[in-house]
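*Asks:* Quick one: the structure is below, questions incoming.
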Amino acid sequence: MSTSQNDVLTEISGKLDKILKLLAIDAVKGYSTEQEKIELLDSLGFRPVEIAKFLNKSPENVSVQLNIIRKKKQKTLKTAAKTEIEKTITEEVKPEKVGAESESPRQ
């Protein structure tokens, strides 16, 4: 590839990076916390390095925030699963009302 082609590709790549940054900034406008913004961009498939560029953060900061987010999600999922299991066990252990529902009223 010639130098002029490399220059053109470099220019196009730079412009695409700017477009991505603008789209990312627009996507996170309604989110108030950095964690929410990071979580959204991560869910859209951006890597921590890219998210860091978009939000003017260090890649390390973004990685730490992503770990915190994932741990919170994992804890929430475990709590929800535990609650569901406890609910299921409680329902299975409940004694059924014998005869109350099976007998029809006498006339």
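Numbering starts fresh at 1 for the residues of each chain in the structure tokens, the chains themselves are lettered A, B, ... in the order given, and ligands are numbered from 1 as they appear.
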If you count only C-alpha atoms, which residues fall within 12 Å of Leu41 (chain A), apart from same-chain ones fewer than 2 positions away, as an mmCIF file with N, CA and C atoms, in the first residue's frame?
*Replies:*
data_model
loop_
_atom_site.group_PDB
_atom_site.id
_atom_site.type_symbol
_atom_site.label_atom_id
_atom_site.label_comp_id
_atom_site.auth_asym_id
_atom_site.auth_seq_id
_atom_site.Cartn_x
_atom_site.Cartn_y
_atom_site.Cartn_z
ATOM 1 N N LEU A 20 -17.794 7.671 16.307
ATOM 2 C CA LEU A 20 -18.100 6.749 17.405
ATOM 3 C C LEU A 20 -18.185 7.485 18.734
ATOM 4 N N LYS A 21 -17.258 8.394 18.967
ATOM 5 C CA LYS A 21 -17.262 9.147 20.224
ATOM 6 C C LYS A 21 -18.540 9.983 20.345
ATOM 7 N N LEU A 23 -21.440 9.403 18.909
ATOM 8 C CA LEU A 23 -22.569 8.487 19.126
ATOM 9 C C LEU A 23 -22.592 7.971 20.560
ATOM 10 N N ALA A 24 -21.414 7.656 21.094
ATOM 11 C CA ALA A 24 -21.332 7.170 22.465
ATOM 12 C C ALA A 24 -21.764 8.250 23.452
ATOM 13 N N ILE A 25 -21.319 9.470 23.226
ATOM 14 C CA ILE A 25 -21.702 10.579 24.098
ATOM 15 C C ILE A 25 -23.205 10.802 24.044
ATOM 16 N N ASP A 26 -23.770 10.724 22.859
ATOM 17 C CA ASP A 26 -25.219 10.880 22.706
ATOM 18 C C ASP A 26 -25.974 9.752 23.402
ATOM 19 N N ALA A 27 -25.449 8.536 23.318
ATOM 20 C CA ALA A 27 -26.122 7.380 23.916
ATOM 21 C C ALA A 27 -26.194 7.477 25.439
ATOM 22 N N VAL A 28 -25.196 8.091 26.064
ATOM 23 C CA VAL A 28 -25.152 8.144 27.523
ATOM 24 C C VAL A 28 -25.701 9.457 28.095
ATOM 25 N N LYS A 29 -26.246 10.308 27.255
ATOM 26 C CA LYS A 29 -26.747 11.616 27.714
ATOM 27 C C LYS A 29 -27.706 11.516 28.890
ATOM 28 N N TYR A 31 -27.996 9.372 31.209
ATOM 29 C CA TYR A 31 -27.509 8.655 32.388
ATOM 30 C C TYR A 31 -26.726 9.599 33.280
ATOM 31 N N GLU A 34 -21.461 7.764 36.287
ATOM 32 C CA GLU A 34 -20.426 7.203 35.418
ATOM 33 C C GLU A 34 -20.626 5.700 35.265
ATOM 34 N N GLN A 35 -21.018 5.031 36.352
ATOM 35 C CA GLN A 35 -21.232 3.582 36.274
ATOM 36 C C GLN A 35 -22.328 3.231 35.273
ATOM 37 N N GLU A 36 -23.395 4.002 35.265
ATOM 38 C CA GLU A 36 -24.476 3.747 34.302
ATOM 39 C C GLU A 36 -23.977 3.921 32.873
ATOM 40 N N LYS A 37 -23.189 4.951 32.657
ATOM 41 C CA LYS A 37 -22.635 5.214 31.326
ATOM 42 C C LYS A 37 -21.705 4.087 30.897
ATOM 43 N N ILE A 38 -20.839 3.687 31.812
ATOM 44 C CA ILE A 38 -19.894 2.612 31.521
ATOM 45 C C ILE A 38 -20.632 1.311 31.246
ATOM 46 N N GLU A 39 -21.648 1.037 32.054
ATOM 47 C CA GLU A 39 -22.434 -0.198 31.874
ATOM 48 C C GLU A 39 -23.126 -0.216 30.505
ATOM 49 N N SER A 43 -22.363 -2.751 27.469
ATOM 50 C CA SER A 43 -23.420 -3.599 26.907
ATOM 51 C C SER A 43 -23.551 -3.424 25.397
ATOM 52 N N LEU A 44 -23.077 -2.294 24.875
ATOM 53 C CA LEU A 44 -23.096 -2.058 23.433
ATOM 54 C C LEU A 44 -21.867 -2.660 22.742
ATOM 55 N N GLY A 45 -20.993 -3.285 23.536
ATOM 56 C CA GLY A 45 -19.856 -3.989 22.963
ATOM 57 C C GLY A 45 -18.549 -3.224 22.911
ATOM 58 N N PHE A 46 -18.511 -2.058 23.529
ATOM 59 C CA PHE A 46 -17.259 -1.303 23.546
ATOM 60 C C PHE A 46 -16.308 -1.892 24.585
ATOM 61 N N ARG A 47 -15.027 -1.877 24.271
ATOM 62 C CA ARG A 47 -13.999 -2.357 25.194
ATOM 63 C C ARG A 47 -13.671 -1.251 26.199
ATOM 64 N N PRO A 48 -13.104 -1.639 27.351
ATOM 65 C CA PRO A 48 -12.750 -0.633 28.368
ATOM 66 C C PRO A 48 -11.887 0.513 27.836
ATOM 67 N N VAL A 49 -10.953 0.197 26.939
ATOM 68 C CA VAL A 49 -10.081 1.251 26.379
ATOM 69 C C VAL A 49 -10.923 2.253 25.588
ATOM 70 N N GLU A 50 -11.876 1.759 24.819
ATOM 71 C CA GLU A 50 -12.736 2.646 24.027
ATOM 72 C C GLU A 50 -13.641 3.472 24.938
ATOM 73 N N ILE A 51 -14.213 2.817 25.941
ATOM 74 C CA ILE A 51 -15.089 3.525 26.892
ATOM 75 C C ILE A 51 -14.302 4.627 27.587
ATOM 76 N N ALA A 52 -13.084 4.315 27.963
ATOM 77 C CA ALA A 52 -12.230 5.305 28.627
ATOM 78 C C ALA A 52 -12.013 6.528 27.738
ATOM 79 N N LYS A 53 -11.783 6.304 26.465
ATOM 80 C CA LYS A 53 -11.599 7.429 25.534
ATOM 81 C C LYS A 53 -12.868 8.270 25.444
ATOM 82 N N PHE A 54 -14.016 7.598 25.327
ATOM 83 C CA PHE A 54 -15.283 8.316 25.180
ATOM 84 C C PHE A 54 -15.594 9.180 26.396
ATOM 85 N N LEU A 55 -15.286 8.661 27.589
ATOM 86 C CA LEU A 55 -15.668 9.345 28.832
ATOM 87 C C LEU A 55 -14.513 10.112 29.478
ATOM 88 N N VAL A 62 -12.039 2.514 34.178
ATOM 89 C CA VAL A 62 -13.178 1.864 33.541
ATOM 90 C C VAL A 62 -13.202 0.379 33.894
ATOM 91 N N LEU A 66 -16.177 -1.538 35.812
ATOM 92 C CA LEU A 66 -16.830 -2.715 35.223
ATOM 93 C C LEU A 66 -16.810 -3.893 36.193
#
*Asks:* What is the distance between CA of Lys78 (chain A) and CA of Glu92 (chain A), in Å to one decimal?
*Replies:*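 Interatomic distance, CA of Lys78 (chain A) to CA of Glu92 (chain A): 21.0 Å.
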*Asks:* Report as an NGL selection string: the residues of chain A with a DSSP assignment of alpha helix (DSSP H), based on the backbone of this structure.
*Replies:* :A and (3-27 or 34-43 or 48-55 or 59-93)
*Asks:* For CA of Ser32 (chain A) and CA of Pro59 (chain A), determine how far apart the two atoms are, in Å to one decimal place.
*Replies:*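 Between CA of Ser32 (chain A) and CA of Pro59 (chain A) the gap works out to 19.9 Å.
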*Asks:* What does the structure give for the distance between CA of Ile69 (chain A) and CA of Asn56 (chain A), in Å to one decimal?
*Replies:*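 CA of Asn56 (chain A) lies at a distance of 18.9 Å from CA of Ile69 (chain A).
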